[in-house]
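Undergrad: The structure's right below; bear with me while I get my questions together.
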Amino acid sequence: MAKNNKKIDPKTLDSFDGNLKMLERVCAASFTLLKKRDLADIAVNSGSQIENGKKLLIKYFGEKIVIDIGPEKVYYLERQKDSKDPDGPVRVDVFSSSIILHYLNNTDGTNLSGKWIAYRELPDGMFYFRTIPGVLGSLVKKYENSSGDLIKTVEKHGGKKSPDFTNGAIIYPFPYFPILIILEEKSDEFEAAARVLFDSNSCHYIKTDIIKMILVYMARLLTS
């Protein structure tokens, strides 16, 4: 298994600031792999675009991201420039960069099935599925009385309302990697709860442990 595919220390999943050196090594290994591959194949398999022959452009939760292969940089295309470096692009944090690079290196072009499955049904999902409710805790707390507000927030990040679930929304961390979020609102009898479902072919795009990292980021994004 390629270096960038190895399982990331679960402690990293609890904080964007954890194990930064390890994440930097993962990113470096990912760029090494990208430099050996055909960008045209990666673009087709991942839903990204080639820019200037040496860069990839992809949407990450609806926001355009540039992956500059040569200098090994990942940055936002349209974010306002950093006041400390007005002439340079706004860099993507190493946590998200590692996820983006993992996606690009792992997509194999398999068509999405259109069938939703739970996290525990993913390869090796039984290792982590009991931790998923905790990851989604902040999201449930914020939207416990209003699934409509959750849907609106998802739409702001390039997602859409689910056509099949009244309290559901589909968000796209990547073009070929949708996540279905279903929120059960709080009632007199039950506490609020959230479920996340994935396309049954998700494993052809992202490894299961990295999917948990995506959920960590997603919860932060939708509650910030």
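Each chain in the structure tokens gets a letter, A, B, ..., in the order shown, and its residues are numbered from 1; ligands are numbered from 1 in order too.
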Out of chain A, which residues get alpha helix (DSSP H) from DSSP, as a VMD selection string?

TA: chain A and resid 20 to 35 39 to 46 94 to 106 132 to 135 137 to 143 147 to 156 208 to 223

Undergrad: Just the residues within 8 Å of region 57-69 of chain A, please, counting only C-alpha atoms, with nothing from its chain fewer than 5 positions along; format it as a list in words.

TA: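 Result of the neighbour search: Phe31, Leu34, Lys35, Gly47, Ser48, Gln49, Ile50, Glu51, Val74, Tyr75, Tyr76, Leu77, Glu78, Ile100, His157, Gly158, Gly159, Ile171, Tyr172, Pro173, Phe174 and Pro175 of chain A.
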
Undergrad: May I have the residues from that selection written out with C-alpha atoms, as a tab-separated table (two decimals), in the first residue's frame?

TA:
chain	number	residue	atom	x	y	z
A	31	PHE	CA	2.98	14.67	-4.12
A	34	LEU	CA	1.25	12.51	-8.18
A	35	LYS	CA	4.45	13.48	-9.99
A	47	GLY	CA	-13.59	15.08	-11.67
A	48	SER	CA	-10.79	17.66	-11.59
A	49	GLN	CA	-9.42	19.84	-14.39
A	50	ILE	CA	-5.89	20.36	-15.66
A	51	GLU	CA	-4.66	23.95	-15.55
A	74	VAL	CA	-2.38	23.34	-2.39
A	75	TYR	CA	-4.26	26.63	-2.30
A	76	TYR	CA	-7.67	28.26	-2.71
A	77	LEU	CA	-8.37	29.79	-6.10
A	78	GLU	CA	-10.80	32.51	-5.11
A	100	ILE	CA	-7.39	16.30	-1.10
A	157	HIS	CA	-21.18	24.75	0.28
A	158	GLY	CA	-22.18	23.34	-3.08
A	159	GLY	CA	-24.56	20.64	-1.85
A	171	ILE	CA	-22.90	17.46	0.36
A	172	TYR	CA	-19.95	16.96	-1.99
A	173	PRO	CA	-16.50	16.98	-0.39
A	174	PHE	CA	-15.34	16.07	-3.91
A	175	PRO	CA	-17.09	15.80	-7.29

Undergrad: Measuring atom to atom with only C-alpha atoms, identify which of A:Leu112, A:Cys27, A:Ile99, A:Val44 is nearest to Glu72 (chain A).

TA: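 Between A:Leu112, A:Cys27, A:Ile99, A:Val44, the residue approaching Glu72 (chain A) most closely is A:Cys27.
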
Undergrad: Can you work out the spacing between CA of Asn201 (chain A) and CA of Asp108 (chain A) in Å, to one decimal?

TA: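 These two atoms are separated by 10.6 Å.
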
Undergrad: Find the residues near Ile151 (chain A): any atom within 7 Å, counting only C-alpha atoms, skip ones fewer than 3 places away on the same chain, and give them as a ChimeraX atom specification.

TA: /A:147-148,154-155,161,169

Undergrad: Just the residues within 7 Å of Phe129 (chain A), please, counting only C-alpha atoms, with nothing from its chain fewer than 3 positions along; format it as a ChimeraX atom specification.

TA: /A:119-120,125-126,132

Undergrad: Using only C-alpha atoms, can you tell me which of A:Met218, A:Ala118, A:Asp149, A:Ile182 comes closest to Pro163 (chain A)?

TA: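 Result for the nearest residue to Pro163 (chain A): A:Ile182.
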
Undergrad: For Leu104 (chain A), please output as a list in words all residues within 9 Å (counting only C-alpha atoms; exclusion window: fewer than 6 positions along the same chain).

TA: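 Once the nearby chain positions are removed, what remains is Ser30, Leu34, Ile42, Ala43, Asn45, Ser46, Ser48, Tyr205 and Ile206 of chain A.
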
Undergrad: Please produce a file of the residues just selected, as an mmCIF file, in the first residue's frame, where the atoms kept are all heavy atoms.

TA:
data_model
loop_
_atom_site.group_PDB
_atom_site.id
_atom_site.type_symbol
_atom_site.label_atom_id
_atom_site.label_comp_id
_atom_site.auth_asym_id
_atom_site.auth_seq_id
_atom_site.Cartn_x
_atom_site.Cartn_y
_atom_site.Cartn_z
ATOM 1 N N SER A 30 2.368 11.990 -0.932
ATOM 2 C CA SER A 30 1.292 12.084 -1.926
ATOM 3 C C SER A 30 1.751 12.838 -3.165
ATOM 4 O O SER A 30 1.437 12.443 -4.294
ATOM 5 C CB SER A 30 0.070 12.770 -1.314
ATOM 6 O OG SER A 30 -0.474 12.002 -0.268
ATOM 7 N N LEU A 34 1.895 11.734 -7.122
ATOM 8 C CA LEU A 34 1.247 12.511 -8.181
ATOM 9 C C LEU A 34 2.213 12.826 -9.322
ATOM 10 O O LEU A 34 1.840 12.800 -10.498
ATOM 11 C CB LEU A 34 0.686 13.820 -7.616
ATOM 12 C CG LEU A 34 -0.603 13.733 -6.804
ATOM 13 C CD1 LEU A 34 -0.966 15.105 -6.245
ATOM 14 C CD2 LEU A 34 -1.753 13.208 -7.652
ATOM 15 N N ILE A 42 -5.734 11.267 -13.844
ATOM 16 C CA ILE A 42 -6.209 11.726 -12.542
ATOM 17 C C ILE A 42 -7.418 12.638 -12.704
ATOM 18 O O ILE A 42 -8.405 12.523 -11.982
ATOM 19 C CB ILE A 42 -5.090 12.468 -11.781
ATOM 20 C CG1 ILE A 42 -3.936 11.518 -11.458
ATOM 21 C CG2 ILE A 42 -5.637 13.083 -10.486
ATOM 22 C CD1 ILE A 42 -2.736 12.203 -10.847
ATOM 23 N N ALA A 43 -7.342 13.546 -13.678
ATOM 24 C CA ALA A 43 -8.435 14.498 -13.900
ATOM 25 C C ALA A 43 -9.730 13.769 -14.251
ATOM 26 O O ALA A 43 -10.799 14.089 -13.717
ATOM 27 C CB ALA A 43 -8.051 15.480 -14.994
ATOM 28 N N ASN A 45 -10.549 10.611 -13.612
ATOM 29 C CA ASN A 45 -11.007 9.753 -12.519
ATOM 30 C C ASN A 45 -11.550 10.535 -11.326
ATOM 31 O O ASN A 45 -12.402 10.031 -10.592
ATOM 32 C CB ASN A 45 -9.870 8.853 -12.040
ATOM 33 C CG ASN A 45 -9.494 7.804 -13.054
ATOM 34 O OD1 ASN A 45 -10.248 7.509 -13.977
ATOM 35 N ND2 ASN A 45 -8.313 7.226 -12.892
ATOM 36 N N SER A 46 -11.064 11.745 -11.129
ATOM 37 C CA SER A 46 -11.407 12.500 -9.923
ATOM 38 C C SER A 46 -12.427 13.615 -10.141
ATOM 39 O O SER A 46 -12.947 14.167 -9.168
ATOM 40 C CB SER A 46 -10.137 13.117 -9.324
ATOM 41 O OG SER A 46 -9.587 14.096 -10.206
ATOM 42 N N SER A 48 -11.564 16.417 -11.648
ATOM 43 C CA SER A 48 -10.789 17.663 -11.593
ATOM 44 C C SER A 48 -10.449 18.124 -13.005
ATOM 45 O O SER A 48 -10.750 17.438 -13.987
ATOM 46 C CB SER A 48 -9.505 17.452 -10.773
ATOM 47 O OG SER A 48 -8.703 16.435 -11.350
ATOM 48 N N TYR A 205 -12.626 5.651 -4.107
ATOM 49 C CA TYR A 205 -12.187 7.046 -4.130
ATOM 50 C C TYR A 205 -11.403 7.449 -2.887
ATOM 51 O O TYR A 205 -10.413 8.174 -2.975
ATOM 52 C CB TYR A 205 -13.399 7.966 -4.306
ATOM 53 C CG TYR A 205 -14.027 7.825 -5.674
ATOM 54 C CD1 TYR A 205 -14.989 6.859 -5.936
ATOM 55 C CD2 TYR A 205 -13.611 8.635 -6.722
ATOM 56 C CE1 TYR A 205 -15.532 6.699 -7.204
ATOM 57 C CE2 TYR A 205 -14.150 8.495 -7.997
ATOM 58 C CZ TYR A 205 -15.102 7.520 -8.228
ATOM 59 O OH TYR A 205 -15.621 7.363 -9.488
ATOM 60 N N ILE A 206 -11.851 6.977 -1.732
ATOM 61 C CA ILE A 206 -11.222 7.370 -0.472
ATOM 62 C C ILE A 206 -11.239 6.181 0.490
ATOM 63 O O ILE A 206 -12.255 5.478 0.595
ATOM 64 C CB ILE A 206 -11.947 8.577 0.165
ATOM 65 C CG1 ILE A 206 -11.885 9.789 -0.772
ATOM 66 C CG2 ILE A 206 -11.327 8.944 1.513
ATOM 67 C CD1 ILE A 206 -12.602 11.011 -0.256
#

Undergrad: Can you list, as JSON, numbers by chain, all residues belonging to chain A that DSSP tags as strand (DSSP E or B)?

TA: {"A": [49, 50, 51, 55, 56, 57, 58, 59, 60, 63, 64, 65, 66, 67, 68, 73, 74, 75, 76, 90, 91, 116, 117, 118, 160, 161, 168, 169, 170, 171, 172, 173, 174, 177, 178, 179, 180, 181, 182, 183, 184, 193, 194, 195, 196, 197, 198, 199]}

Undergrad: Taking only C-alpha atoms into account, which of A:Ala193, A:Ala40, A:Leu180, A:Leu20 comes nearest Lys160 (chain A)?

TA: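 So, comparing all the options, the nearest one is A:Leu180.
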
Undergrad: For a quick check of understanding, using only C-alpha atoms, which of A:Asn106, A:Ser97, A:Thr32, A:Asn19 has the smallest distance to Lys207 (chain A)?

TA: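 That would be A:Asn106, the residue with the smallest distance to Lys207 (chain A).
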